[in-house]
Amino acid sequence: MGTHWKRLCNLNYIGVYSLDTGKDKILTIKSVGKEMVTGNNGKKEECIVAHFMENEKPMILNRTNCKTITKLHGSPEVEDWVGKKIQIYATTTKFAGETVECLRIRDYVKAAEKKHTCEDCGNEIQPSGNMTAEMIAQYGVKTYGVPLCVNCGKARKAAQAEQSDGGQA
């Protein structure tokens with residue numbers, strides 16, 4: 001696979017060129033808001049921009065993609081989108097009489113996401129706060145050597161603290 005010429009530019013936002021050929025990206029929304037965006041021609045415009053929890057450039061959201069997120073996650077309020085996953089894919093659309101490349105959003109393929117099971121309680125690890133289930137499982141492995149849910153991680157931490165105090169109160 002070659003290098004798309006747009007990857008060599010210092011662009012501030014994710015675009016079709018950011019996706020590996022034929023591959024979608026699954027991202028978790030961190031925040032959505034209005035920002036001033038400077039286009040390639042130097043023209044400034046206020047746009048809706050999504051930032052992601054993953055190490056990825058932000059994405060300018062057009063009306064079509066905002067409507068899709070609303071439908072997928074059951075709310076038109078951008079605050080309700082935080083922590084939700086979306087799957088970005090490349091396609092084409094008609095614009096000014098031409099067919100152009102664009103990014104679109106669909107519900108992420110849940111089967112492609114690995115389920116994480118807590119070593120202590122056996123339950124599926126759930127996201128908490130700004131952390132995805134994957135992040136929580138990785139933290140458990142890094143800290144305790146096994147994937148743990150938030151509650152079991154807290155219990156192990158408390159048990160370690162009690163042990164290091166020698167059981168003295």
# chains A, B, ... in the order shown; residues from 1 in each chain; ligands from 1
>>> residues_around(residues="Ile86 in chain A", least_positions_apart="5", cutoff="7 Å", atoms="only C-alpha atoms", output="PyMOL selection string")
chain A and resi 26-28+105-108
>>> write_last_selection(atoms="N, CA and C atoms", output="PDB file, in the first residue's frame")
ATOM      1  N   ILE A  26     -12.751   2.599  14.676  1.00  0.00           N
ATOM      2  CA  ILE A  26     -13.703   2.658  15.784  1.00  0.00           C
ATOM      3  C   ILE A  26     -13.114   3.620  16.809  1.00  0.00           C
ATOM      4  N   LEU A  27     -13.870   4.680  17.104  1.00  0.00           N
ATOM      5  CA  LEU A  27     -13.402   5.723  18.004  1.00  0.00           C
ATOM      6  C   LEU A  27     -14.444   6.011  19.075  1.00  0.00           C
ATOM      7  N   THR A  28     -13.972   6.507  20.211  1.00  0.00           N
ATOM      8  CA  THR A  28     -14.838   6.848  21.332  1.00  0.00           C
ATOM      9  C   THR A  28     -14.882   8.361  21.469  1.00  0.00           C
ATOM     10  N   ILE A 105     -20.387   7.907   9.294  1.00  0.00           N
ATOM     11  CA  ILE A 105     -20.400   7.229  10.587  1.00  0.00           C
ATOM     12  C   ILE A 105     -21.468   6.150  10.586  1.00  0.00           C
ATOM     13  N   ARG A 106     -21.127   5.020  11.212  1.00  0.00           N
ATOM     14  CA  ARG A 106     -22.103   3.964  11.444  1.00  0.00           C
ATOM     15  C   ARG A 106     -21.841   3.410  12.828  1.00  0.00           C
ATOM     16  N   ASP A 107     -22.798   2.658  13.333  1.00  0.00           N
ATOM     17  CA  ASP A 107     -22.647   2.035  14.635  1.00  0.00           C
ATOM     18  C   ASP A 107     -21.454   1.095  14.560  1.00  0.00           C
ATOM     19  N   TYR A 108     -20.613   1.126  15.580  1.00  0.00           N
ATOM     20  CA  TYR A 108     -19.436   0.277  15.525  1.00  0.00           C
ATOM     21  C   TYR A 108     -19.860  -1.184  15.598  1.00  0.00           C
TER      22      TYR A 108
END
>>> residues_around(residues="Thr38 in chain A", least_positions_apart="5", cutoff="10 Å", atoms="only C-alpha atoms", output="mmCIF file with N, CA and C atoms, in the first residue's frame")
data_model
loop_
_atom_site.group_PDB
_atom_site.id
_atom_site.type_symbol
_atom_site.label_atom_id
_atom_site.label_comp_id
_atom_site.auth_asym_id
_atom_site.auth_seq_id
_atom_site.Cartn_x
_atom_site.Cartn_y
_atom_site.Cartn_z
ATOM 1 N N ASN A 12 -5.062 19.203 10.347
ATOM 2 C CA ASN A 12 -5.458 19.144 11.750
ATOM 3 C C ASN A 12 -6.632 18.214 12.025
ATOM 4 N N LYS A 43 -9.813 30.219 4.457
ATOM 5 C CA LYS A 43 -11.113 30.710 4.917
ATOM 6 C C LYS A 43 -11.438 30.092 6.271
ATOM 7 N N LYS A 44 -11.869 30.947 7.221
ATOM 8 C CA LYS A 44 -12.239 30.466 8.556
ATOM 9 C C LYS A 44 -13.750 30.269 8.614
ATOM 10 N N GLU A 45 -14.130 29.182 9.291
ATOM 11 C CA GLU A 45 -15.546 28.849 9.402
ATOM 12 C C GLU A 45 -15.779 28.145 10.735
ATOM 13 N N GLU A 46 -16.903 28.451 11.393
ATOM 14 C CA GLU A 46 -17.239 27.766 12.625
ATOM 15 C C GLU A 46 -17.874 26.417 12.278
ATOM 16 N N CYS A 47 -17.312 25.350 12.835
ATOM 17 C CA CYS A 47 -17.775 23.996 12.532
ATOM 18 C C CYS A 47 -17.999 23.216 13.822
#
>>> closest_residue(among="A:Lys154, A:His73, A:Lys30, A:His51", to="Asp120 in chain A", atoms="only C-alpha atoms")
A:Lys154
>>> closest_residue(among="A:Ala133, A:Ala96, A:Ile60, A:Leu19", to="Gly39 in chain A", atoms="only C-alpha atoms")
A:Ile60
>>> closest_residue(among="A:Leu103, A:Ile48, A:Met36, A:Val82", to="Ile14 in chain A", atoms="only C-alpha atoms")
A:Leu103
>>> select_by_dssp(residues="chain A", states="helix (DSSP H, G or I)", output="PyMOL selection string")
chain A and resi 5-8+16-18+63-73+78-81+110-112+133-144+150-164
>>> residues_around(residues="Gly33 in chain A", least_positions_apart="5", cutoff="8 Å", atoms="only C-alpha atoms", output="list in words")
Ile48, Val49, Ala50 and Val78 of chain A
>>> atom_distance(atom1="CA of Glu119 in chain A", atom2="CA of Pro147 in chain A")
5.8 Å
>>> atom_distance(atom1="CA of Asn41 in chain A", atom2="CA of Lys23 in chain A")
29.1 Å
>>> residues_around(residues="Thr132 in chain A", least_positions_apart="2", cutoff="12 Å", atoms="only C-alpha atoms", output="mmCIF file with all heavy atoms, in the first residue's frame")
data_model
loop_
_atom_site.group_PDB
_atom_site.id
_atom_site.type_symbol
_atom_site.label_atom_id
_atom_site.label_comp_id
_atom_site.auth_asym_id
_atom_site.auth_seq_id
_atom_site.Cartn_x
_atom_site.Cartn_y
_atom_site.Cartn_z
ATOM 1 N N LEU A 27 -13.870 4.680 17.104
ATOM 2 C CA LEU A 27 -13.402 5.723 18.004
ATOM 3 C C LEU A 27 -14.444 6.011 19.075
ATOM 4 O O LEU A 27 -15.634 5.806 18.863
ATOM 5 C CB LEU A 27 -13.105 7.003 17.210
ATOM 6 C CG LEU A 27 -12.014 6.878 16.136
ATOM 7 C CD1 LEU A 27 -11.980 8.112 15.251
ATOM 8 C CD2 LEU A 27 -10.662 6.644 16.780
ATOM 9 N N THR A 28 -13.972 6.507 20.211
ATOM 10 C CA THR A 28 -14.838 6.848 21.332
ATOM 11 C C THR A 28 -14.882 8.361 21.469
ATOM 12 O O THR A 28 -13.838 9.009 21.575
ATOM 13 C CB THR A 28 -14.299 6.231 22.646
ATOM 14 O OG1 THR A 28 -14.016 4.855 22.423
ATOM 15 C CG2 THR A 28 -15.304 6.394 23.769
ATOM 16 N N ILE A 29 -16.074 8.927 21.470
ATOM 17 C CA ILE A 29 -16.225 10.382 21.530
ATOM 18 C C ILE A 29 -15.827 10.890 22.912
ATOM 19 O O ILE A 29 -16.319 10.413 23.928
ATOM 20 C CB ILE A 29 -17.673 10.791 21.199
ATOM 21 C CG1 ILE A 29 -18.014 10.366 19.765
ATOM 22 C CG2 ILE A 29 -17.866 12.296 21.392
ATOM 23 C CD1 ILE A 29 -19.475 10.547 19.385
ATOM 24 N N LYS A 30 -14.938 11.870 22.921
ATOM 25 C CA LYS A 30 -14.489 12.518 24.155
ATOM 26 C C LYS A 30 -15.250 13.820 24.381
ATOM 27 O O LYS A 30 -15.649 14.127 25.494
ATOM 28 C CB LYS A 30 -12.992 12.799 24.068
ATOM 29 C CG LYS A 30 -12.386 13.447 25.281
ATOM 30 C CD LYS A 30 -10.895 13.636 25.080
ATOM 31 C CE LYS A 30 -10.232 14.250 26.283
ATOM 32 N NZ LYS A 30 -8.789 14.411 26.047
ATOM 33 N N PHE A 52 -11.698 12.719 20.202
ATOM 34 C CA PHE A 52 -11.797 11.317 20.571
ATOM 35 C C PHE A 52 -10.878 10.960 21.723
ATOM 36 O O PHE A 52 -9.850 11.602 21.929
ATOM 37 C CB PHE A 52 -11.492 10.438 19.360
ATOM 38 C CG PHE A 52 -12.390 10.741 18.194
ATOM 39 C CD1 PHE A 52 -11.931 11.462 17.110
ATOM 40 C CD2 PHE A 52 -13.719 10.334 18.206
ATOM 41 C CE1 PHE A 52 -12.770 11.769 16.043
ATOM 42 C CE2 PHE A 52 -14.562 10.635 17.153
ATOM 43 C CZ PHE A 52 -14.088 11.353 16.059
ATOM 44 N N MET A 53 -11.250 9.924 22.477
ATOM 45 C CA MET A 53 -10.438 9.442 23.592
ATOM 46 C C MET A 53 -9.158 8.775 23.072
ATOM 47 O O MET A 53 -8.128 8.817 23.734
ATOM 48 C CB MET A 53 -11.231 8.465 24.457
ATOM 49 C CG MET A 53 -12.347 9.138 25.218
ATOM 50 S SD MET A 53 -13.212 7.954 26.250
ATOM 51 C CE MET A 53 -14.524 8.974 26.891
ATOM 52 N N GLU A 54 -9.244 8.175 21.901
ATOM 53 C CA GLU A 54 -8.078 7.543 21.303
ATOM 54 C C GLU A 54 -7.149 8.637 20.754
ATOM 55 O O GLU A 54 -7.559 9.764 20.542
ATOM 56 C CB GLU A 54 -8.500 6.606 20.159
ATOM 57 C CG GLU A 54 -9.325 5.425 20.609
ATOM 58 C CD GLU A 54 -10.805 5.726 20.837
ATOM 59 O OE1 GLU A 54 -11.254 6.860 20.546
ATOM 60 O OE2 GLU A 54 -11.516 4.843 21.313
ATOM 61 N N VAL A 82 -20.773 11.714 24.599
ATOM 62 C CA VAL A 82 -19.485 11.467 25.242
ATOM 63 C C VAL A 82 -19.431 10.033 25.751
ATOM 64 O O VAL A 82 -20.367 9.539 26.374
ATOM 65 C CB VAL A 82 -19.250 12.474 26.395
ATOM 66 C CG1 VAL A 82 -17.982 12.121 27.178
ATOM 67 C CG2 VAL A 82 -19.177 13.892 25.851
ATOM 68 N N GLY A 83 -18.330 9.365 25.438
ATOM 69 C CA GLY A 83 -18.142 7.975 25.843
ATOM 70 C C GLY A 83 -18.743 6.966 24.885
ATOM 71 O O GLY A 83 -18.555 5.765 25.041
ATOM 72 N N LYS A 84 -19.471 7.431 23.874
ATOM 73 C CA LYS A 84 -20.100 6.529 22.900
ATOM 74 C C LYS A 84 -19.114 6.229 21.767
ATOM 75 O O LYS A 84 -18.326 7.070 21.360
ATOM 76 C CB LYS A 84 -21.365 7.161 22.310
ATOM 77 C CG LYS A 84 -22.410 7.538 23.343
ATOM 78 C CD LYS A 84 -23.064 6.317 23.949
ATOM 79 C CE LYS A 84 -24.335 6.610 24.667
ATOM 80 N NZ LYS A 84 -24.268 6.988 26.018
ATOM 81 N N LYS A 85 -19.211 5.014 21.269
ATOM 82 C CA LYS A 85 -18.352 4.593 20.158
ATOM 83 C C LYS A 85 -19.049 4.835 18.828
ATOM 84 O O LYS A 85 -20.266 4.669 18.722
ATOM 85 C CB LYS A 85 -18.011 3.109 20.280
ATOM 86 C CG LYS A 85 -17.066 2.818 21.415
ATOM 87 C CD LYS A 85 -16.578 1.394 21.347
ATOM 88 C CE LYS A 85 -15.648 1.063 22.463
ATOM 89 N NZ LYS A 85 -14.402 1.784 22.452
ATOM 90 N N GLU A 113 -15.299 -5.923 18.829
ATOM 91 C CA GLU A 113 -14.688 -5.464 20.066
ATOM 92 C C GLU A 113 -14.608 -6.626 21.048
ATOM 93 O O GLU A 113 -15.602 -7.277 21.332
ATOM 94 C CB GLU A 113 -15.506 -4.326 20.664
ATOM 95 C CG GLU A 113 -14.839 -3.748 21.887
ATOM 96 C CD GLU A 113 -15.578 -2.539 22.403
ATOM 97 O OE1 GLU A 113 -16.485 -2.730 23.212
ATOM 98 O OE2 GLU A 113 -15.236 -1.436 21.982
ATOM 99 N N LYS A 114 -13.438 -6.873 21.557
ATOM 100 C CA LYS A 114 -13.225 -7.976 22.485
ATOM 101 C C LYS A 114 -13.898 -7.676 23.819
ATOM 102 O O LYS A 114 -13.797 -6.590 24.353
ATOM 103 C CB LYS A 114 -11.724 -8.174 22.695
ATOM 104 C CG LYS A 114 -11.381 -9.318 23.592
ATOM 105 C CD LYS A 114 -9.887 -9.440 23.784
ATOM 106 C CE LYS A 114 -9.602 -10.538 24.789
ATOM 107 N NZ LYS A 114 -8.217 -10.538 25.199
ATOM 108 N N LYS A 115 -14.585 -8.665 24.331
ATOM 109 C CA LYS A 115 -15.197 -8.556 25.651
ATOM 110 C C LYS A 115 -14.133 -8.890 26.687
ATOM 111 O O LYS A 115 -13.312 -9.776 26.493
ATOM 112 C CB LYS A 115 -16.367 -9.536 25.789
ATOM 113 C CG LYS A 115 -17.454 -9.345 24.752
ATOM 114 C CD LYS A 115 -18.287 -8.138 25.036
ATOM 115 C CE LYS A 115 -19.425 -8.052 24.033
ATOM 116 N NZ LYS A 115 -19.908 -6.744 23.836
ATOM 117 N N HIS A 116 -14.163 -8.171 27.792
ATOM 118 C CA HIS A 116 -13.202 -8.401 28.865
ATOM 119 C C HIS A 116 -13.951 -8.889 30.095
ATOM 120 O O HIS A 116 -14.940 -8.289 30.505
ATOM 121 C CB HIS A 116 -12.431 -7.112 29.178
ATOM 122 C CG HIS A 116 -11.632 -6.625 28.018
ATOM 123 N ND1 HIS A 116 -10.417 -7.166 27.676
ATOM 124 C CD2 HIS A 116 -11.883 -5.663 27.107
ATOM 125 C CE1 HIS A 116 -9.951 -6.552 26.607
ATOM 126 N NE2 HIS A 116 -10.828 -5.641 26.244
ATOM 127 N N ILE A 125 -16.360 -6.674 32.133
ATOM 128 C CA ILE A 125 -15.874 -5.363 32.564
ATOM 129 C C ILE A 125 -16.603 -4.299 31.761
ATOM 130 O O ILE A 125 -16.687 -4.363 30.542
ATOM 131 C CB ILE A 125 -14.349 -5.268 32.381
ATOM 132 C CG1 ILE A 125 -13.657 -6.308 33.270
ATOM 133 C CG2 ILE A 125 -13.851 -3.853 32.682
ATOM 134 C CD1 ILE A 125 -12.172 -6.439 33.042
ATOM 135 N N GLN A 126 -17.145 -3.311 32.484
ATOM 136 C CA GLN A 126 -17.927 -2.232 31.871
ATOM 137 C C GLN A 126 -17.126 -0.939 31.876
ATOM 138 O O GLN A 126 -16.288 -0.727 32.736
ATOM 139 C CB GLN A 126 -19.232 -2.013 32.649
ATOM 140 C CG GLN A 126 -20.145 -3.213 32.673
ATOM 141 C CD GLN A 126 -20.655 -3.583 31.294
ATOM 142 O OE1 GLN A 126 -20.993 -2.727 30.498
ATOM 143 N NE2 GLN A 126 -20.709 -4.877 31.011
ATOM 144 N N PRO A 127 -17.407 -0.024 30.920
ATOM 145 C CA PRO A 127 -16.747 1.285 30.958
ATOM 146 C C PRO A 127 -17.160 2.051 32.213
ATOM 147 O O PRO A 127 -18.225 1.796 32.786
ATOM 148 C CB PRO A 127 -17.260 1.993 29.701
ATOM 149 C CG PRO A 127 -18.242 1.101 29.063
ATOM 150 C CD PRO A 127 -18.330 -0.166 29.831
ATOM 151 N N SER A 128 -16.317 2.976 32.637
ATOM 152 C CA SER A 128 -16.613 3.783 33.817
ATOM 153 C C SER A 128 -15.980 5.158 33.637
ATOM 154 O O SER A 128 -14.788 5.265 33.324
ATOM 155 C CB SER A 128 -16.053 3.110 35.066
ATOM 156 O OG SER A 128 -16.304 3.907 36.205
ATOM 157 N N GLY A 129 -16.781 6.210 33.828
ATOM 158 C CA GLY A 129 -16.269 7.573 33.648
ATOM 159 C C GLY A 129 -15.780 7.750 32.223
ATOM 160 O O GLY A 129 -16.486 7.421 31.275
ATOM 161 N N ASN A 130 -14.555 8.244 32.075
ATOM 162 C CA ASN A 130 -13.979 8.438 30.743
ATOM 163 C C ASN A 130 -13.168 7.237 30.272
ATOM 164 O O ASN A 130 -12.499 7.307 29.248
ATOM 165 C CB ASN A 130 -13.090 9.691 30.721
ATOM 166 C CG ASN A 130 -13.904 10.960 30.716
ATOM 167 O OD1 ASN A 130 -15.072 10.953 30.319
ATOM 168 N ND2 ASN A 130 -13.311 12.040 31.149
ATOM 169 N N GLU A 134 -11.888 -1.615 27.743
ATOM 170 C CA GLU A 134 -10.531 -2.005 27.344
ATOM 171 C C GLU A 134 -9.490 -1.337 28.241
ATOM 172 O O GLU A 134 -8.561 -1.975 28.713
ATOM 173 C CB GLU A 134 -10.291 -1.626 25.875
ATOM 174 C CG GLU A 134 -8.876 -1.794 25.393
ATOM 175 C CD GLU A 134 -8.482 -3.239 25.144
ATOM 176 O OE1 GLU A 134 -9.370 -4.086 24.964
ATOM 177 O OE2 GLU A 134 -7.271 -3.506 25.136
ATOM 178 N N MET A 135 -9.654 -0.038 28.480
ATOM 179 C CA MET A 135 -8.708 0.707 29.314
ATOM 180 C C MET A 135 -8.703 0.170 30.749
ATOM 181 O O MET A 135 -7.641 0.029 31.367
ATOM 182 C CB MET A 135 -9.052 2.201 29.295
ATOM 183 C CG MET A 135 -8.887 2.845 27.929
ATOM 184 S SD MET A 135 -9.756 4.429 27.800
ATOM 185 C CE MET A 135 -8.550 5.533 28.490
ATOM 186 N N ILE A 136 -9.881 -0.128 31.282
ATOM 187 C CA ILE A 136 -9.995 -0.643 32.647
ATOM 188 C C ILE A 136 -9.340 -2.021 32.745
ATOM 189 O O ILE A 136 -8.595 -2.304 33.681
ATOM 190 C CB ILE A 136 -11.471 -0.677 33.095
ATOM 191 C CG1 ILE A 136 -11.994 0.763 33.216
ATOM 192 C CG2 ILE A 136 -11.636 -1.441 34.405
ATOM 193 C CD1 ILE A 136 -13.489 0.877 33.369
ATOM 194 N N ALA A 137 -9.603 -2.880 31.755
ATOM 195 C CA ALA A 137 -8.999 -4.215 31.745
ATOM 196 C C ALA A 137 -7.470 -4.111 31.677
ATOM 197 O O ALA A 137 -6.761 -4.809 32.411
ATOM 198 C CB ALA A 137 -9.529 -5.027 30.565
ATOM 199 N N GLN A 138 -6.958 -3.220 30.826
ATOM 200 C CA GLN A 138 -5.508 -3.043 30.694
ATOM 201 C C GLN A 138 -4.889 -2.535 31.992
ATOM 202 O O GLN A 138 -3.791 -2.953 32.370
ATOM 203 C CB GLN A 138 -5.186 -2.090 29.545
ATOM 204 C CG GLN A 138 -5.401 -2.695 28.189
ATOM 205 C CD GLN A 138 -5.161 -1.711 27.060
ATOM 206 O OE1 GLN A 138 -4.911 -0.527 27.275
ATOM 207 N NE2 GLN A 138 -5.248 -2.190 25.837
ATOM 208 N N TYR A 139 -5.601 -1.642 32.684
ATOM 209 C CA TYR A 139 -5.106 -1.134 33.964
ATOM 210 C C TYR A 139 -5.002 -2.266 34.989
ATOM 211 O O TYR A 139 -4.014 -2.373 35.709
ATOM 212 C CB TYR A 139 -6.008 -0.018 34.498
ATOM 213 C CG TYR A 139 -5.538 0.522 35.823
ATOM 214 C CD1 TYR A 139 -4.502 1.446 35.891
ATOM 215 C CD2 TYR A 139 -6.118 0.083 37.016
ATOM 216 C CE1 TYR A 139 -4.057 1.923 37.112
ATOM 217 C CE2 TYR A 139 -5.682 0.550 38.241
ATOM 218 C CZ TYR A 139 -4.648 1.477 38.287
ATOM 219 O OH TYR A 139 -4.201 1.949 39.497
ATOM 220 N N CYS A 149 -12.610 -5.617 36.956
ATOM 221 C CA CYS A 149 -13.595 -4.547 36.847
ATOM 222 C C CYS A 149 -13.244 -3.479 37.880
ATOM 223 O O CYS A 149 -12.377 -3.680 38.735
ATOM 224 C CB CYS A 149 -15.011 -5.084 37.066
ATOM 225 S SG CYS A 149 -15.338 -5.656 38.749
ATOM 226 N N VAL A 150 -13.894 -2.344 37.823
ATOM 227 C CA VAL A 150 -13.598 -1.242 38.729
ATOM 228 C C VAL A 150 -13.774 -1.667 40.190
ATOM 229 O O VAL A 150 -12.905 -1.413 41.034
ATOM 230 C CB VAL A 150 -14.476 -0.011 38.400
ATOM 231 C CG1 VAL A 150 -14.334 1.070 39.450
ATOM 232 C CG2 VAL A 150 -14.124 0.541 37.025
#
>>> select_by_dssp(residues="range 31-160 of chain A", states="strand (DSSP E or B)", output="number ranges by chain")
A: 31-38, 44-52, 59-61, 85-95, 98-106, 117, 124, 128, 131
>>> atom_distance(atom1="CA of Cys118 in chain A", atom2="CA of Asn151 in chain A")
9.7 Å
>>> closest_residue(among="A:Asn55, A:Thr117, A:Gln87, A:Gln163", to="Ile69 in chain A", atoms="only C-alpha atoms")
A:Gln87
